[in-house]
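Visitor: Sharing a structure, written as structure tokens. Questions coming.
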Amino acid sequence: MNVLPPSNRKSLAALTAAVPEGILLTAETDMAPYSRDWSGDHFGRPLAVARPRTVEDVSTLMKICFREGIPVVPQGGLTGLVGAAVAAPQGGEVVISLERLNRLRSISAIDFAMVVEAGCILEEAKSFAEAHDCVLPITFGAQGSCRIGGNVATNAGGFNVLRYGMTRDLVLGLEVVLGDGRVWNGLKVLRKDNRGYDLKQLFIGSEGTLGIITAAAFKLFPRPTQVETAFVGLRSVEDAMALYARARRECSDLLTAFELILRGGIDIALNAGAGLTDPLSEPYPVYVLIEASAGGRVDLRAILEDFLGDAGDIVVDGVVASSKAQAERLWLLRETMVETQGGGGRYLRTDVSVPISKLADFVTDTLAELAKHHPEALAVTYGHVGDGNVHLNIVPPQNSTPEAIEALFHETETIIFDVVDRYGGSISAEHGIGRVKQKAFLDRVDKVTLDIAGRLKDAFDPKHILSDGRILGAHSSIGGIADR
Ligand SMILES: Cc1cc2nc3c(=O)[nH]c(=O)nc-3n(C[C@H](O)[C@H](O)[C@H](O)COP(=O)(O)OP(=O)(O)OC[C@H]3O[C@@H](n4cnc5c(N)ncnc54)[C@H](O)[C@@H]3O)c2cc1C
């Protein structure tokens, strides 16, 4: 039997007394789906899982947690990959899942804006927008599982950042329940508003450490009526970046994706047993998946074909999808590679970025260092290179012991991050810091940034009950935390 320490029993009793019936789960079997993330690498031991139905429920929960000093962690779709959304492994935290707060509150094709609750699955929010002939351009592999609150809290990126920006660039307003249970209503669909500080920006990318996002207002865009997709084979990453530089100018800024995949990734997809075939007749060291989209009277296909025709000095071979189904099969290559790259086992994930102008040198240098020190490991390399963002993931040799895997992950991550530092890059371009990247982040962050971050944490969450120990160290504080 799992005997709870007295402080946890007191917390549970306080919560049970205060929240409406049907909101709290406490049985281990009921809590299991909320205790493991998408990757299966991160597990938590929640004290309870709360599933509020309304903003008032969230506020009530937080008021009681604030009063009693009960630590909480907001949770979306659990696809965040840095161990931030599961409860602390040592126990004691209450998971607040936003899954039932999932309504579309409003949408206007004239304002090109929508207001959607935090628990809405991204793909469903995108479908709402499309039904109004608009597009919500946050697009990536996990969109069928991740939720709006998680997208905002991680400042999600994806395939379309090069055209539309990160989530930060798309949020017009937020509604947030603060650590003490008060509701901050910053929900608005204004395009221009210079009344003082832009507080919403502080919550975007804050990984649940400053408040619980309950709804977000997003910018929408006209839904493109034409989408063209091409898959091209190249000799080098350098050529891929040269092609990108040309594409930005010659495709009239109509590019919506420019995805790099090295041959190893294509081999993974082809060998995954998904019935995929190589779109090109011969293998090439490097590939780029290009998407352009437009509305109106633009002849998009002609623009893309002319561009690729003129780039014959760089493009060795390529195909432009002749149908939506063919385009989907090209994207399926990428998706299959991502989903099967670890062969069912653990692998090291990185999501780094460097200036676009340095990306080719960065990839060359990192792969050379990895091959020199760990020739036994497979480095799967792909990325949204139009944003300077690349994933360099490390798959250990089969039958490695858990200790050997740990050592390999530590050493290869150090190699990758050292090269990132040399190129003035970021160790986290997408997934955030959470728990997994915390040490690497704290080792690099400057004192002034840390001081400001600590003061922000103290101001928004004086008792440090919100996702404590994510991004910043547990209980790290400038002013000293008040009693919990
Ligand atoms: C296959 C795959 C592909 C991916 N591709 C990309 C990609 O291309 N680009 C990219 O940026 N990311 C990508 N990701 C990472 C991930 O999908 C995103 O970070 C996503 O935004 C997380 O959303 P979620 O709902 O799953 O959040 P969760 O994992 O549940 O939570 C993530 C963080 O947000 C916090 N949080 C969740 N909800 C709230 C809320 N309502 N209020 C406050 N804090 C909250 C959590 O506490 C945690 O810190 C990918 C992941 C997978 C598995």
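In the structure tokens, each chain is lettered A, B, ... as it comes, each chain's residues begin at 1, and ligands are numbered from 1 in order of appearance.
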As a quick test: using only C-alpha atoms and all ligand atoms, which residues lie no more than 7 Å away from ligand 1? Give them as JSON, numbers by chain.

Guide: {"A": [38, 39, 73, 74, 75, 76, 77, 78, 79, 80, 81, 84, 85, 98, 118, 119, 140, 141, 142, 143, 145, 146, 147, 148, 149, 150, 151, 152, 153, 154, 155, 156, 157, 158, 159, 207, 208, 211, 212, 213, 214, 338, 339, 430, 431, 434, 467]}

Visitor: Hey, what's within 9 Å of Asp361 of chain A if we count only C-alpha atoms and toss same-chain stuff fewer than 5 positions away? As an MDAnalysis selection string, please?

Guide: chainID A and resid 237:238 366 423

Visitor: Store the residues of this selection in a file with N, CA, C and O atoms, as a PDB file, in the first residue's frame.

Guide:
```pdb
ATOM      1  N   VAL A 237      24.944  19.684 -47.240  1.00  0.00           N
ATOM      2  CA  VAL A 237      24.145  20.627 -46.450  1.00  0.00           C
ATOM      3  C   VAL A 237      24.430  22.056 -46.925  1.00  0.00           C
ATOM      4  O   VAL A 237      23.537  22.910 -46.958  1.00  0.00           O
ATOM      5  N   GLU A 238      25.668  22.278 -47.340  1.00  0.00           N
ATOM      6  CA  GLU A 238      26.030  23.607 -47.866  1.00  0.00           C
ATOM      7  C   GLU A 238      25.141  23.960 -49.066  1.00  0.00           C
ATOM      8  O   GLU A 238      24.627  25.071 -49.176  1.00  0.00           O
ATOM      9  N   THR A 366      29.815  19.296 -36.339  1.00  0.00           N
ATOM     10  CA  THR A 366      29.266  18.443 -35.271  1.00  0.00           C
ATOM     11  C   THR A 366      29.336  16.979 -35.694  1.00  0.00           C
ATOM     12  O   THR A 366      29.736  16.114 -34.899  1.00  0.00           O
ATOM     13  N   TYR A 423      29.268  28.315 -32.236  1.00  0.00           N
ATOM     14  CA  TYR A 423      28.592  29.024 -33.330  1.00  0.00           C
ATOM     15  C   TYR A 423      27.575  30.048 -32.815  1.00  0.00           C
ATOM     16  O   TYR A 423      26.776  30.572 -33.587  1.00  0.00           O
TER      17      TYR A 423
END
```

Visitor: Hey, what's within 7 Å of segment 353-357 of chain A if we count only C-alpha atoms and toss same-chain stuff fewer than 4 positions away? As a count of residues only, please?

Guide: 11

Visitor: What's around Arg444 of chain A at 9 Å? Count only C-alpha atoms, leave out sequence neighbours fewer than 4 positions away in its own chain, and write the answer as a list in words.

Guide: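 Listing them by chain and then by number gives Asp421, Lys439 and Ala440 of chain A.
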
Visitor: Would you give me, as a list in words, the residues in segment 58-107 of chain A that DSSP reads as strand (DSSP E)?

Guide: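 The residues of segment 58-107 of chain A classed as strand (DSSP E) are Val72, Val73, Pro74, Gln75, Val94, Val95, Ile96, Ser97, Leu104, Arg105, Ser106 and Ile107 of chain A.
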
Visitor: For the alpha helix (DSSP H) assignment from backbone DSSP, which residues of segment 185-291 of chain A qualify? Please present them as an NGL selection string.

Guide: :A and (200-203 or 237-250 or 263-270)

Visitor: Excluding same-chain residues fewer than 4 positions from segment 101-106 of chain A, what lies within 8 Å of it counting only C-alpha atoms, as a list in words?

Guide: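 After dropping sequence-adjacent residues, the list is Pro52, Arg53, Thr54, Val55, Met114, Val115, Val116, Glu117, Ala118, Gly119, Cys120, Ile121, Ala125, Phe128 and Thr214 of chain A.
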
Visitor: Take the selection from the previous step and output its residues with N, CA, C and O atoms, as a PDB file, in the first residue's frame.

Guide:
```pdb
ATOM      1  N   PRO A  52      -9.982  20.207 -14.323  1.00  0.00           N
ATOM      2  CA  PRO A  52     -11.005  21.249 -14.244  1.00  0.00           C
ATOM      3  C   PRO A  52     -11.804  21.353 -15.541  1.00  0.00           C
ATOM      4  O   PRO A  52     -11.285  21.090 -16.621  1.00  0.00           O
ATOM      5  N   ARG A  53     -13.088  21.772 -15.389  1.00  0.00           N
ATOM      6  CA  ARG A  53     -13.945  21.934 -16.580  1.00  0.00           C
ATOM      7  C   ARG A  53     -14.044  23.394 -16.996  1.00  0.00           C
ATOM      8  O   ARG A  53     -14.405  23.691 -18.122  1.00  0.00           O
ATOM      9  N   THR A  54     -13.805  24.292 -16.038  1.00  0.00           N
ATOM     10  CA  THR A  54     -13.986  25.727 -16.318  1.00  0.00           C
ATOM     11  C   THR A  54     -12.811  26.523 -15.752  1.00  0.00           C
ATOM     12  O   THR A  54     -12.043  26.013 -14.926  1.00  0.00           O
ATOM     13  N   VAL A  55     -12.760  27.775 -16.171  1.00  0.00           N
ATOM     14  CA  VAL A  55     -11.713  28.669 -15.640  1.00  0.00           C
ATOM     15  C   VAL A  55     -11.913  28.846 -14.137  1.00  0.00           C
ATOM     16  O   VAL A  55     -10.939  28.898 -13.367  1.00  0.00           O
ATOM     17  N   MET A 114      -8.966  33.978 -33.604  1.00  0.00           N
ATOM     18  CA  MET A 114      -9.801  33.015 -32.885  1.00  0.00           C
ATOM     19  C   MET A 114      -9.389  32.969 -31.421  1.00  0.00           C
ATOM     20  O   MET A 114      -8.231  33.228 -31.089  1.00  0.00           O
ATOM     21  N   VAL A 115     -10.366  32.653 -30.569  1.00  0.00           N
ATOM     22  CA  VAL A 115     -10.075  32.473 -29.148  1.00  0.00           C
ATOM     23  C   VAL A 115     -10.412  31.035 -28.810  1.00  0.00           C
ATOM     24  O   VAL A 115     -11.530  30.561 -29.036  1.00  0.00           O
ATOM     25  N   VAL A 116      -9.436  30.331 -28.277  1.00  0.00           N
ATOM     26  CA  VAL A 116      -9.606  28.903 -28.050  1.00  0.00           C
ATOM     27  C   VAL A 116      -9.056  28.547 -26.668  1.00  0.00           C
ATOM     28  O   VAL A 116      -8.097  29.159 -26.199  1.00  0.00           O
ATOM     29  N   GLU A 117      -9.718  27.578 -26.016  1.00  0.00           N
ATOM     30  CA  GLU A 117      -9.291  27.231 -24.661  1.00  0.00           C
ATOM     31  C   GLU A 117      -8.042  26.343 -24.678  1.00  0.00           C
ATOM     32  O   GLU A 117      -7.757  25.655 -25.671  1.00  0.00           O
ATOM     33  N   ALA A 118      -7.352  26.346 -23.527  1.00  0.00           N
ATOM     34  CA  ALA A 118      -6.013  25.745 -23.455  1.00  0.00           C
ATOM     35  C   ALA A 118      -5.999  24.247 -23.724  1.00  0.00           C
ATOM     36  O   ALA A 118      -4.996  23.710 -24.206  1.00  0.00           O
ATOM     37  N   GLY A 119      -7.106  23.563 -23.423  1.00  0.00           N
ATOM     38  CA  GLY A 119      -7.093  22.111 -23.571  1.00  0.00           C
ATOM     39  C   GLY A 119      -7.445  21.627 -24.963  1.00  0.00           C
ATOM     40  O   GLY A 119      -7.445  20.410 -25.224  1.00  0.00           O
ATOM     41  N   CYS A 120      -7.739  22.548 -25.853  1.00  0.00           N
ATOM     42  CA  CYS A 120      -8.103  22.137 -27.218  1.00  0.00           C
ATOM     43  C   CYS A 120      -6.874  21.528 -27.909  1.00  0.00           C
ATOM     44  O   CYS A 120      -5.768  22.071 -27.826  1.00  0.00           O
ATOM     45  N   ILE A 121      -7.078  20.400 -28.568  1.00  0.00           N
ATOM     46  CA  ILE A 121      -5.974  19.784 -29.327  1.00  0.00           C
ATOM     47  C   ILE A 121      -5.650  20.686 -30.520  1.00  0.00           C
ATOM     48  O   ILE A 121      -6.558  21.214 -31.173  1.00  0.00           O
ATOM     49  N   ALA A 125      -8.107  22.826 -33.252  1.00  0.00           N
ATOM     50  CA  ALA A 125      -8.117  24.291 -33.403  1.00  0.00           C
ATOM     51  C   ALA A 125      -7.836  24.660 -34.860  1.00  0.00           C
ATOM     52  O   ALA A 125      -8.465  25.571 -35.423  1.00  0.00           O
ATOM     53  N   PHE A 128     -10.974  24.133 -36.892  1.00  0.00           N
ATOM     54  CA  PHE A 128     -11.942  25.227 -36.709  1.00  0.00           C
ATOM     55  C   PHE A 128     -11.582  26.384 -37.638  1.00  0.00           C
ATOM     56  O   PHE A 128     -12.430  26.964 -38.299  1.00  0.00           O
ATOM     57  N   THR A 214      -5.358  29.459 -19.596  1.00  0.00           N
ATOM     58  CA  THR A 214      -6.668  28.810 -19.756  1.00  0.00           C
ATOM     59  C   THR A 214      -7.263  29.073 -21.146  1.00  0.00           C
ATOM     60  O   THR A 214      -8.124  28.309 -21.593  1.00  0.00           O
TER      61      THR A 214
END
```

Visitor: Near Lys219 of chain A, counting only C-alpha atoms, which residues have an atom at most 7 Å away, once you skip same-chain residues fewer than 3 positions from it, shown as a ChimeraX atom specification?

Guide: /A:112-114,170-172

Visitor: For those residues, write all heavy atoms to a file as a compact mmCIF listing (two decimals), in the first residue's frame.

Guide:
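And here is the file that came out, again.txt:
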```
# COMPACT_ATOMS: atom_id res chain seq x y z
N PHE A 112 -9.63 37.98 -38.56
CA PHE A 112 -8.58 36.96 -38.71
C PHE A 112 -8.04 36.59 -37.33
O PHE A 112 -6.84 36.70 -37.05
CB PHE A 112 -7.46 37.42 -39.65
CG PHE A 112 -7.79 37.19 -41.10
CD1 PHE A 112 -8.15 38.25 -41.92
CD2 PHE A 112 -7.77 35.91 -41.63
CE1 PHE A 112 -8.49 38.03 -43.25
CE2 PHE A 112 -8.11 35.69 -42.95
CZ PHE A 112 -8.47 36.74 -43.76
N ALA A 113 -8.96 36.18 -36.45
CA ALA A 113 -8.57 35.85 -35.08
C ALA A 113 -9.50 34.80 -34.52
O ALA A 113 -10.66 34.71 -34.91
CB ALA A 113 -8.63 37.10 -34.21
N MET A 114 -8.97 33.98 -33.60
CA MET A 114 -9.80 33.01 -32.89
C MET A 114 -9.39 32.97 -31.42
O MET A 114 -8.23 33.23 -31.09
CB MET A 114 -9.70 31.62 -33.52
CG MET A 114 -8.43 30.88 -33.27
SD MET A 114 -8.24 29.42 -34.34
CE MET A 114 -9.41 28.30 -33.64
N LEU A 170 2.20 34.66 -32.93
CA LEU A 170 0.81 34.43 -33.36
C LEU A 170 -0.21 34.69 -32.25
O LEU A 170 -1.41 34.69 -32.51
CB LEU A 170 0.67 32.98 -33.84
CG LEU A 170 1.61 32.58 -34.98
CD1 LEU A 170 1.57 31.08 -35.22
CD2 LEU A 170 1.24 33.33 -36.25
N VAL A 171 0.27 34.88 -31.02
CA VAL A 171 -0.65 35.06 -29.90
C VAL A 171 -1.02 36.54 -29.78
O VAL A 171 -0.15 37.40 -29.66
CB VAL A 171 -0.02 34.56 -28.58
CG1 VAL A 171 -0.90 34.91 -27.39
CG2 VAL A 171 0.19 33.05 -28.63
N LEU A 172 -2.34 36.81 -29.79
CA LEU A 172 -2.81 38.19 -29.62
C LEU A 172 -3.17 38.47 -28.17
O LEU A 172 -3.13 39.62 -27.73
CB LEU A 172 -4.04 38.42 -30.50
CG LEU A 172 -3.82 38.40 -32.00
CD1 LEU A 172 -5.15 38.36 -32.75
CD2 LEU A 172 -3.00 39.61 -32.45
```

Visitor: Atom CA of Met62 of chain A and atom CA of Lys463 of chain A, how far apart in Å?

Guide: 11.8 Å

Visitor: Identify which of the residues A:Pro283, A:Gly454, A:Gly265, A:Pro396 lies closest to Val380 of chain A, counting only C-alpha atoms when measuring atom-to-atom distances.

Guide: A:Gly265
